[in-house]
2 protein chains.
Amino acid sequence: MDVDTRLLRYFAAVAQEGNLTRAAQRLFISQPALTKQIRQLETLLDVRLFTRSRAGMTLTGPGRALAAGVPGLLADWDRVRRETRSAASRAAHVLRVGFLASAANELTPRIIAAFAARRPGWRVDMRQAPWSDPTAGLAAGDVDAALLRLPFPGQDGLRTEILLTEDRWVVLPDDHPLAGRAEIPFPELWDEPFVAAPPETGPWHDYWLAVDAREGRPVRIGAVTENPDDWLTAIANGYGIALAPASAARFYLRPGIVYRPVTGVAPTSVGVAWPPAADTDQVVQDFVRCCLDHCPPDPDGPADAP
Amino acid sequence: MDVDTRLLRYFAAVAQEGNLTRAAQRLFISQPALTKQIRQLETLLDVRLFTRSRAGMTLTGPGRALAAGVPGLLADWDRVRRETRSAASRAAHVLRVGFLASAANELTPRIIAAFAARRPGWRVDMRQAPWSDPTAGLAAGDVDAALLRLPFPGQDGLRTEILLTEDRWVVLPDDHPLAGRAEIPFPELWDEPFVAAPPETGPWHDYWLAVDAREGRPVRIGAVTENPDDWLTAIANGYGIALAPASAARFYLRPGIVYRPVTGVAPTSVGVAWPPAADTDQVVQDFVRCCLDHCPPDPDGPADAP
DNA sequence: CACATCCATGCCGTCAGGTTATGGATGCAG
DNA sequence: CTGCATCCATAACCTGACGGCATGGATGTG
């Protein structure tokens, strides 16, 4: 009695949506294909899993029993798969390091060079994470360590060391009324539209809108973007402004935007993080040590300030 | 990243055998097919799982990590599948009852009739279990209740009620020197060859050889059979003798064999069993009550004694 | 009554999984 | 040294499952 995890994913999607058509488009397949797959699963188990009606697909009792177990099965498979990949990268002497676009800055090359010197046989595999994952793959077990912004959700379950702390600045279109100011108090920005990360990024989303420094005032969202490039474009096109780490002024330069210091918002930190299970992992600990030894970098270093 | 449980079974088989050829024949597929499947799994995970050599297939580190997780995944899937089937039979108002060939005797029809009267909308699905499973599918969760021989391995984890107790007799070829005796002390049978169940039936195997009544004397195995039919045939053909419940003399008649009472072995019991989880299940409890109400049957009932 | 929204069905192209036959590498026995 | 057995890998082929498109049937809704 064999099943494909694909079939289980399909089932879970239909069970959750209660609707074949919507589930199909969520799964990027056609509705007839999904119809056939669900019927096949029912045939395989010899169980009627859904009652069909014009209202859609409703789980039967047995269907609910299956639906209760499937997410766990899929999660377990995912876990085993990650454990296998971890063992593989370990066997290949590869250290997987996740990072966020805004956290990987000029100190990264130095860290990697130091690690290469300390662990000659090893290679560092740097993996950029999307904004939607503030742990840069660490929480999911996809990487052995991560360079990221502090604080982040789920931080309590992980080990962290702060590497550097910097102020948050504001990014403005260069024709913005405030663009000429040398420094801007945050309250003056309260009513400005902001270019934000997608809401599903959760605490990360709130953090870069500095929600806790607004004294309850609502945030105006001017645009939502998924990556740094769209983000800068949206700002340059006047959809809104945004907060950014001061170092972004060196890395995310672009015509049409300017960076200005802001007062009244807490500074932001970059840290290295690793899972507690790696506390005794000599390789990960070597990497952490390289991070600490080479931070903060020389503040007047290679950066070409604006 | 989807996988079929079939692929995981294949992997587990190769990991365990350490040999593609043998694993393939255990899985009833050809060796090239298995070669391709294993390679595909390696491609899918992008991990080298085995090191090939003339000695066979040896797990790599990552391979061991995967091999550690796969049996759990397969067991979980099996569990979820059984839970779904249970819910389905429940929804269809079907009570699944496992039984062993030697336990389901003349009282079964009466029990089923009584249950049908008590639960009009329900149907009883009687399932004969192979000798290799003394719990008749109960331990595996394949049935809701079972009629079986006591004692059985794993009995502590299940609820049981004794329905009847009967002596163990001996089955002999009719030309056997002892066939003329009215009653036979067990020690006289110690050196006789026995027709036994397969060794994988474990405690069941020992029980019907009455190993604990032999005072340490070794058992002579004359033949091994998988089902009652082969078993009687083997005895009739002189491959050996066997113990059997007294009631078998009424149900397993056949030319060329005779049943005789034996002294010096403990009697055997038939019971009804159910999982603790069904303690509050009204349907299962009704079935148990029907069993108790209709046992022991009238000893001079419909049985046509030999 | 036309329309929208469900799910089911029929037909077809593609690809993955299986089979048999065969090859290459490496110990082992005579 | 040669022939043989035992591994796993490769090649060629067949079948069936999966997915896509087009369409049908059932049932509420404006």
# chains A, B, ... in the order shown; residues from 1 in each chain; ligands from 1
call {"tool": "closest_atom_pairs", "arguments": {"of": "chain D", "to": "chain B", "cutoff": "12 Å", "atoms": "only C-alpha atoms (C1' of nucleotides)", "output": "CSV"}}
result
residue,atom,partner,partner_atom,distance
D:DT6,C1',B:Arg54,CA,8.0
D:DC7,C1',B:Arg54,CA,4.9
D:DC8,C1',B:Arg52,CA,7.6
D:DA9,C1',B:Thr35,CA,7.9
D:DT10,C1',B:Pro32,CA,9.0
D:DA11,C1',B:Pro32,CA,11.1
call {"tool": "calpha_fit_and_write", "arguments": {"fixed": "chain A", "moving": "chain B", "output": "short mmCIF file (atom, residue, chain, number, x, y, z; two decimals) with C-alpha atoms, in the first residue's frame"}}
result
data_model
loop_
_atom_site.label_atom_id
_atom_site.label_comp_id
_atom_site.auth_asym_id
_atom_site.auth_seq_id
_atom_site.Cartn_x
_atom_site.Cartn_y
_atom_site.Cartn_z
CA MET B 1 -0.10 -0.03 0.02
CA ASP B 2 2.18 2.70 -1.22
CA VAL B 3 1.48 6.40 -1.37
CA ASP B 4 3.31 9.36 -2.70
CA THR B 5 3.76 12.38 -0.43
CA ARG B 6 2.42 14.32 -3.40
CA LEU B 7 -0.87 12.51 -3.00
CA LEU B 8 -0.94 13.39 0.68
CA ARG B 9 -0.23 17.03 -0.12
CA TYR B 10 -3.05 17.02 -2.61
CA PHE B 11 -5.39 15.49 -0.08
CA ALA B 12 -4.39 17.99 2.59
CA ALA B 13 -4.96 20.87 0.19
CA VAL B 14 -8.45 19.70 -0.76
CA ALA B 15 -9.30 18.97 2.86
CA GLN B 16 -8.26 22.46 3.82
CA GLU B 17 -9.84 24.33 0.91
CA GLY B 18 -12.99 22.23 0.81
CA ASN B 19 -13.01 22.94 -2.89
CA LEU B 20 -11.34 21.05 -5.73
CA THR B 21 -11.01 23.98 -8.06
CA ARG B 22 -9.29 26.26 -5.61
CA ALA B 23 -7.12 23.48 -4.23
CA ALA B 24 -6.05 22.63 -7.77
CA GLN B 25 -4.90 26.12 -8.55
CA ARG B 26 -3.12 26.34 -5.23
CA LEU B 27 -1.27 23.15 -6.19
CA PHE B 28 -0.60 24.42 -9.73
CA ILE B 29 -2.36 21.51 -11.39
CA SER B 30 -5.63 21.28 -13.27
CA GLN B 31 -8.88 20.48 -11.54
CA PRO B 32 -9.47 17.18 -13.43
CA ALA B 33 -6.03 15.96 -12.40
CA LEU B 34 -6.87 16.63 -8.80
CA THR B 35 -10.25 14.94 -9.15
CA LYS B 36 -8.52 11.81 -10.38
CA GLN B 37 -5.90 11.89 -7.68
CA ILE B 38 -8.41 12.20 -4.88
CA ARG B 39 -10.47 9.39 -6.32
CA GLN B 40 -7.35 7.30 -6.57
CA LEU B 41 -6.54 7.91 -2.94
CA GLU B 42 -10.04 6.85 -2.02
CA THR B 43 -9.65 3.71 -4.11
CA LEU B 44 -6.27 2.96 -2.62
CA LEU B 45 -7.56 3.17 0.93
CA ASP B 46 -10.95 1.80 -0.04
CA VAL B 47 -12.50 4.65 1.92
CA ARG B 48 -14.79 7.48 0.93
CA LEU B 49 -12.88 10.56 2.13
CA PHE B 50 -15.15 13.36 0.90
CA THR B 51 -18.80 13.92 0.30
CA ARG B 52 -19.26 15.81 -2.95
CA SER B 53 -21.85 18.48 -3.28
CA ARG B 54 -22.24 21.72 -5.13
CA ALA B 55 -20.96 23.40 -2.03
CA GLY B 56 -17.65 21.63 -2.57
CA MET B 57 -15.80 18.77 -0.95
CA THR B 58 -16.59 18.02 2.69
CA LEU B 59 -14.53 15.56 4.71
CA THR B 60 -16.25 12.40 5.89
CA GLY B 61 -15.45 10.90 9.30
CA PRO B 62 -12.67 8.71 7.92
CA GLY B 63 -11.53 11.70 5.90
CA ARG B 64 -11.13 13.70 9.07
CA ALA B 65 -9.16 10.87 10.63
CA LEU B 66 -6.78 10.93 7.68
CA ALA B 67 -6.61 14.71 7.61
CA ALA B 68 -5.59 14.68 11.26
CA GLY B 69 -2.60 12.48 10.55
CA VAL B 70 -1.33 13.72 7.21
CA PRO B 71 0.30 17.01 8.29
CA GLY B 72 2.37 15.12 10.83
CA LEU B 73 3.49 12.62 8.23
CA LEU B 74 4.53 15.35 5.84
CA ALA B 75 6.35 17.23 8.59
CA ASP B 76 8.18 14.06 9.62
CA TRP B 77 9.26 13.36 6.09
CA ASP B 78 10.50 16.91 5.81
CA ARG B 79 12.44 16.55 9.02
CA VAL B 80 14.10 13.30 7.94
CA ARG B 81 14.95 14.84 4.60
CA ARG B 82 16.60 17.81 6.29
CA GLU B 83 18.54 15.58 8.65
CA THR B 84 19.82 13.64 5.69
CA ARG B 85 20.86 16.80 3.87
CA SER B 86 22.59 18.03 7.01
CA ALA B 87 24.55 14.83 7.31
CA ALA B 88 25.45 15.13 3.64
CA SER B 89 26.79 18.64 3.85
CA ARG B 90 28.68 17.66 6.95
CA ALA B 91 30.20 14.67 5.15
CA ALA B 92 31.18 16.92 2.25
CA HIS B 93 32.81 19.40 4.64
CA VAL B 94 30.40 22.14 3.73
CA LEU B 95 29.12 24.61 6.29
CA ARG B 96 25.75 26.04 5.29
CA VAL B 97 25.28 29.63 6.42
CA GLY B 98 22.05 31.49 5.88
CA PHE B 99 21.92 35.25 5.71
CA LEU B 100 19.46 38.04 5.15
CA ALA B 101 20.08 40.59 2.46
CA SER B 102 20.32 43.37 4.98
CA ALA B 103 22.58 41.46 7.38
CA ALA B 104 25.29 40.22 5.03
CA ASN B 105 27.43 43.26 4.61
CA GLU B 106 31.08 44.09 4.32
CA LEU B 107 32.13 41.85 7.17
CA THR B 108 31.06 38.66 5.44
CA PRO B 109 34.13 38.21 3.22
CA ARG B 110 36.41 38.63 6.18
CA ILE B 111 34.52 36.02 8.20
CA ILE B 112 34.63 33.54 5.38
CA ALA B 113 38.32 34.12 4.82
CA ALA B 114 39.02 33.61 8.50
CA PHE B 115 36.99 30.43 8.53
CA ALA B 116 38.74 29.12 5.45
CA ALA B 117 42.06 29.70 7.21
CA ARG B 118 40.91 27.92 10.34
CA ARG B 119 39.26 24.98 8.57
CA PRO B 120 41.24 24.39 5.40
CA GLY B 121 39.26 21.41 4.17
CA TRP B 122 35.92 23.13 4.55
CA ARG B 123 33.79 25.23 2.27
CA VAL B 124 31.17 27.78 3.31
CA ASP B 125 27.90 27.71 1.43
CA MET B 126 26.25 31.12 1.82
CA ARG B 127 22.52 31.09 1.22
CA GLN B 128 20.45 34.22 0.98
CA ALA B 129 17.08 33.84 2.67
CA PRO B 130 13.93 35.65 1.64
CA TRP B 131 12.57 38.34 3.92
CA SER B 132 9.78 36.00 4.86
CA ASP B 133 12.20 33.93 6.95
CA PRO B 134 13.93 36.07 9.58
CA THR B 135 15.90 33.06 10.82
CA ALA B 136 17.40 32.61 7.34
CA GLY B 137 16.65 28.91 7.25
CA LEU B 138 17.97 28.17 10.71
CA ALA B 139 14.59 27.44 12.28
CA ALA B 140 13.75 25.07 9.45
CA GLY B 141 17.09 23.26 9.79
CA ASP B 142 18.21 24.22 6.29
CA VAL B 143 21.47 25.80 7.45
CA ASP B 144 24.03 25.19 10.17
CA ALA B 145 24.41 28.84 11.18
CA ALA B 146 23.00 32.18 10.12
CA LEU B 147 23.91 35.86 9.97
CA LEU B 148 20.81 37.85 10.70
CA ARG B 149 19.18 40.86 12.28
CA LEU B 150 18.36 40.84 15.99
CA PRO B 151 15.90 40.55 17.49
CA PHE B 152 13.94 37.98 15.47
CA PRO B 153 10.97 35.75 16.26
CA GLY B 154 11.95 32.36 17.61
CA GLN B 155 15.18 33.74 18.96
CA ASP B 156 14.67 32.05 22.34
CA GLY B 157 15.09 28.62 20.85
CA LEU B 158 18.43 29.47 19.26
CA ARG B 159 21.87 30.65 20.38
CA THR B 160 22.92 34.11 19.28
CA GLU B 161 25.89 36.42 19.55
CA ILE B 162 25.68 40.10 18.62
CA LEU B 163 28.29 41.11 16.07
CA LEU B 164 27.56 44.78 15.58
CA THR B 165 24.91 47.38 16.29
CA GLU B 166 24.00 50.25 14.03
CA ASP B 167 21.36 52.96 13.80
CA ARG B 168 18.33 52.73 11.64
CA TRP B 169 18.16 55.39 8.95
CA VAL B 170 15.39 56.38 6.62
CA VAL B 171 15.40 55.90 2.86
CA LEU B 172 13.71 58.73 0.94
CA PRO B 173 13.13 59.62 -2.67
CA ASP B 174 15.58 62.44 -3.41
CA ASP B 175 12.77 64.87 -4.19
CA HIS B 176 11.10 64.25 -0.84
CA PRO B 177 10.48 67.39 1.30
CA LEU B 178 12.57 65.88 4.10
CA ALA B 179 15.43 64.86 1.83
CA GLY B 180 17.30 68.03 2.56
CA ARG B 181 17.36 67.51 6.31
CA ALA B 182 20.53 66.25 7.95
CA GLU B 183 18.67 64.28 10.60
CA ILE B 184 14.99 63.49 11.03
CA PRO B 185 13.06 62.78 14.25
CA PHE B 186 10.96 59.65 13.72
CA PRO B 187 7.64 61.26 14.71
CA GLU B 188 7.89 63.41 11.61
CA LEU B 189 7.67 60.21 9.55
CA TRP B 190 4.58 58.81 11.28
CA ASP B 191 2.18 59.90 8.58
CA GLU B 192 4.40 59.07 5.65
CA PRO B 193 3.48 56.05 3.51
CA PHE B 194 5.96 53.21 3.98
CA VAL B 195 7.19 50.57 1.57
CA ALA B 196 6.88 47.38 3.58
CA ALA B 197 7.73 43.69 3.45
CA PRO B 198 4.82 41.28 2.87
CA PRO B 199 2.60 40.87 5.94
CA GLU B 200 3.45 37.15 6.20
CA THR B 201 6.91 38.12 7.39
CA GLY B 202 5.25 38.83 10.71
CA PRO B 203 7.38 40.46 13.41
CA TRP B 204 9.99 41.36 10.81
CA HIS B 205 7.38 43.36 8.98
CA ASP B 206 6.48 45.29 12.11
CA TYR B 207 10.08 45.82 13.12
CA TRP B 208 11.05 47.73 9.99
CA LEU B 209 7.92 49.83 10.25
CA ALA B 210 9.03 50.60 13.84
CA VAL B 211 5.49 49.96 15.00
CA ASP B 212 6.59 50.09 18.64
CA ALA B 213 7.99 53.62 18.21
CA ARG B 214 4.72 55.03 16.89
CA GLU B 215 2.84 55.25 20.17
CA GLY B 216 -0.12 53.45 18.66
CA ARG B 217 -0.43 55.57 15.56
CA PRO B 218 -1.45 53.46 12.56
CA VAL B 219 1.02 52.78 9.76
CA ARG B 220 0.36 53.94 6.23
CA ILE B 221 1.50 51.29 3.73
CA GLY B 222 2.39 52.77 0.37
CA ALA B 223 3.59 49.58 -1.29
CA VAL B 224 4.56 45.99 -0.50
CA THR B 225 7.70 44.46 -2.00
CA GLU B 226 9.36 41.06 -1.81
CA ASN B 227 13.04 41.87 -2.26
CA PRO B 228 15.56 44.72 -1.90
CA ASP B 229 15.50 45.60 -5.56
CA ASP B 230 11.76 46.15 -5.80
CA TRP B 231 11.94 47.89 -2.50
CA LEU B 232 14.39 50.55 -3.64
CA THR B 233 12.54 50.97 -6.90
CA ALA B 234 9.28 51.57 -5.06
CA ILE B 235 10.90 54.21 -2.89
CA ALA B 236 12.55 55.94 -5.83
CA ASN B 237 9.19 56.01 -7.60
CA GLY B 238 7.60 57.74 -4.66
CA TYR B 239 5.38 54.96 -3.39
CA GLY B 240 6.70 55.57 0.09
CA ILE B 241 9.71 55.65 2.35
CA ALA B 242 11.32 53.03 4.58
CA LEU B 243 13.66 52.44 7.47
CA ALA B 244 16.90 50.67 6.78
CA PRO B 245 20.11 49.87 8.65
CA ALA B 246 22.70 52.62 8.34
CA SER B 247 25.01 50.31 6.44
CA ALA B 248 22.44 50.02 3.66
CA ALA B 249 23.50 53.53 2.68
CA ARG B 250 26.78 51.95 1.56
CA PHE B 251 25.36 48.85 -0.10
CA TYR B 252 22.07 49.84 -1.58
CA LEU B 253 22.94 53.02 -3.38
CA ARG B 254 20.82 54.00 -6.29
CA PRO B 255 19.93 57.20 -8.19
CA GLY B 256 16.80 58.86 -6.94
CA ILE B 257 17.05 57.84 -3.29
CA VAL B 258 18.82 59.26 -0.29
CA TYR B 259 19.56 57.92 3.18
CA ARG B 260 19.19 60.12 6.26
CA PRO B 261 19.78 59.45 9.97
CA VAL B 262 16.68 59.09 12.12
CA THR B 263 16.34 59.79 15.80
CA GLY B 264 13.76 58.16 18.02
CA VAL B 265 14.00 54.54 16.83
CA ALA B 266 16.09 51.88 18.54
CA PRO B 267 19.23 50.77 16.74
CA THR B 268 19.38 47.41 15.06
CA SER B 269 21.91 44.62 15.53
CA VAL B 270 23.48 42.00 13.35
CA GLY B 271 24.24 38.68 14.97
CA VAL B 272 25.31 35.15 14.30
CA ALA B 273 22.94 32.40 15.35
CA TRP B 274 23.10 28.61 15.60
CA PRO B 275 20.88 25.87 16.95
CA PRO B 276 21.50 24.58 20.48
CA ALA B 277 22.28 21.17 19.01
CA ALA B 278 25.40 22.70 17.47
CA ASP B 279 26.80 23.87 20.79
CA THR B 280 29.22 20.97 20.72
CA ASP B 281 29.81 21.13 16.98
CA GLN B 282 33.42 22.20 16.58
CA VAL B 283 32.96 23.42 13.03
CA VAL B 284 29.99 25.63 13.84
CA GLN B 285 31.74 26.95 16.91
CA ASP B 286 34.79 27.77 14.81
CA PHE B 287 32.58 29.74 12.48
CA VAL B 288 31.04 31.64 15.37
CA ARG B 289 34.50 32.42 16.67
CA CYS B 290 35.54 33.75 13.28
CA CYS B 291 32.49 36.02 13.33
CA LEU B 292 33.31 37.38 16.76
CA ASP B 293 37.00 37.82 15.99
CA HIS B 294 36.32 39.92 12.92
CA CYS B 295 33.56 42.19 14.22
CA PRO B 296 32.95 45.01 14.46
CA PRO B 297 34.97 45.68 11.37
CA ASP B 298 37.13 48.75 11.10
CA PRO B 299 34.44 51.45 10.87
CA ASP B 300 36.55 53.43 8.37
CA GLY B 301 37.39 50.38 6.37
CA PRO B 302 36.67 49.66 2.73
CA ALA B 303 33.23 51.19 2.89
CA ASP B 304 32.81 54.03 0.43
CA ALA B 305 30.51 56.27 2.40
CA PRO B 306 27.87 58.21 0.45
#
call {"tool": "select_by_dssp", "arguments": {"residues": "region 237-282 of chain A", "states": "alpha helix (DSSP H)", "output": "list in words"}}
result
Ala248, Ala249, Arg250, Phe251 and Gln282 of chain A
call {"tool": "select_by_dssp", "arguments": {"residues": "region 78-256 of chain B", "states": "strand (DSSP E or B)", "output": "ChimeraX atom specification"}}
result
/B:94-100,123-129,145-150,159-166,168-173,184-185,193-196,220-224,241-245
call {"tool": "interface_residues", "arguments": {"of": "chain C", "to": "chain A", "cutoff": "8 Å", "atoms": "only C-alpha atoms (C1' of nucleotides)", "output": "list in words"}}
result
DT5, DC6, DC7 and DA8 of chain C
call {"tool": "write_last_selection", "arguments": {"atoms": "C-alpha atoms (C1' of nucleotides)", "output": "tab-separated table (two decimals), in the first residue's frame"}}
result
chain	number	residue	atom	x	y	z
C	5	DT	C1'	-19.89	27.54	-9.99
C	6	DC	C1'	-19.15	23.22	-8.60
C	7	DC	C1'	-17.13	18.38	-9.85
C	8	DA	C1'	-16.78	14.45	-13.38
call {"tool": "residues_around", "arguments": {"residues": "DA22 (chain D)", "least_positions_apart": "2", "cutoff": "10 Å", "atoms": "only C-alpha atoms (C1' of nucleotides)", "output": "list in words"}}
result
DG10 and DC11 of chain C; DG20 and DG24 of chain D
call {"tool": "write_last_selection", "arguments": {"atoms": "C-alpha atoms (C1' of nucleotides)", "output": "compact mmCIF listing (two decimals), in the first residue's frame"}}
result
# COMPACT_ATOMS: atom_id res chain seq x y z
C1' DG C 10 -12.99 11.62 -22.31
C1' DC C 11 -9.01 11.89 -24.96
C1' DG D 20 -3.39 19.03 -19.70
C1' DG D 24 -20.60 17.71 -19.80
call {"tool": "residues_around", "arguments": {"residues": "DG30 (chain C)", "least_positions_apart": "2", "cutoff": "12 Å", "atoms": "only C-alpha atoms (C1' of nucleotides)", "output": "list in words"}}
result
DC28 of chain C; DC1, DT2, DG3 and DC4 of chain D
call {"tool": "atom_distance", "arguments": {"atom1": "C1' of DT15 (chain D)", "atom2": "C1' of DG18 (chain C)"}}
result
8.3 Å
call {"tool": "atom_distance", "arguments": {"atom1": "C1' of DT20 (chain C)", "atom2": "C1' of DC18 (chain D)"}}
result
26.1 Å
call {"tool": "atom_distance", "arguments": {"atom1": "C1' of DC14 (chain D)", "atom2": "C1' of DC12 (chain C)"}}
result
18.1 Å
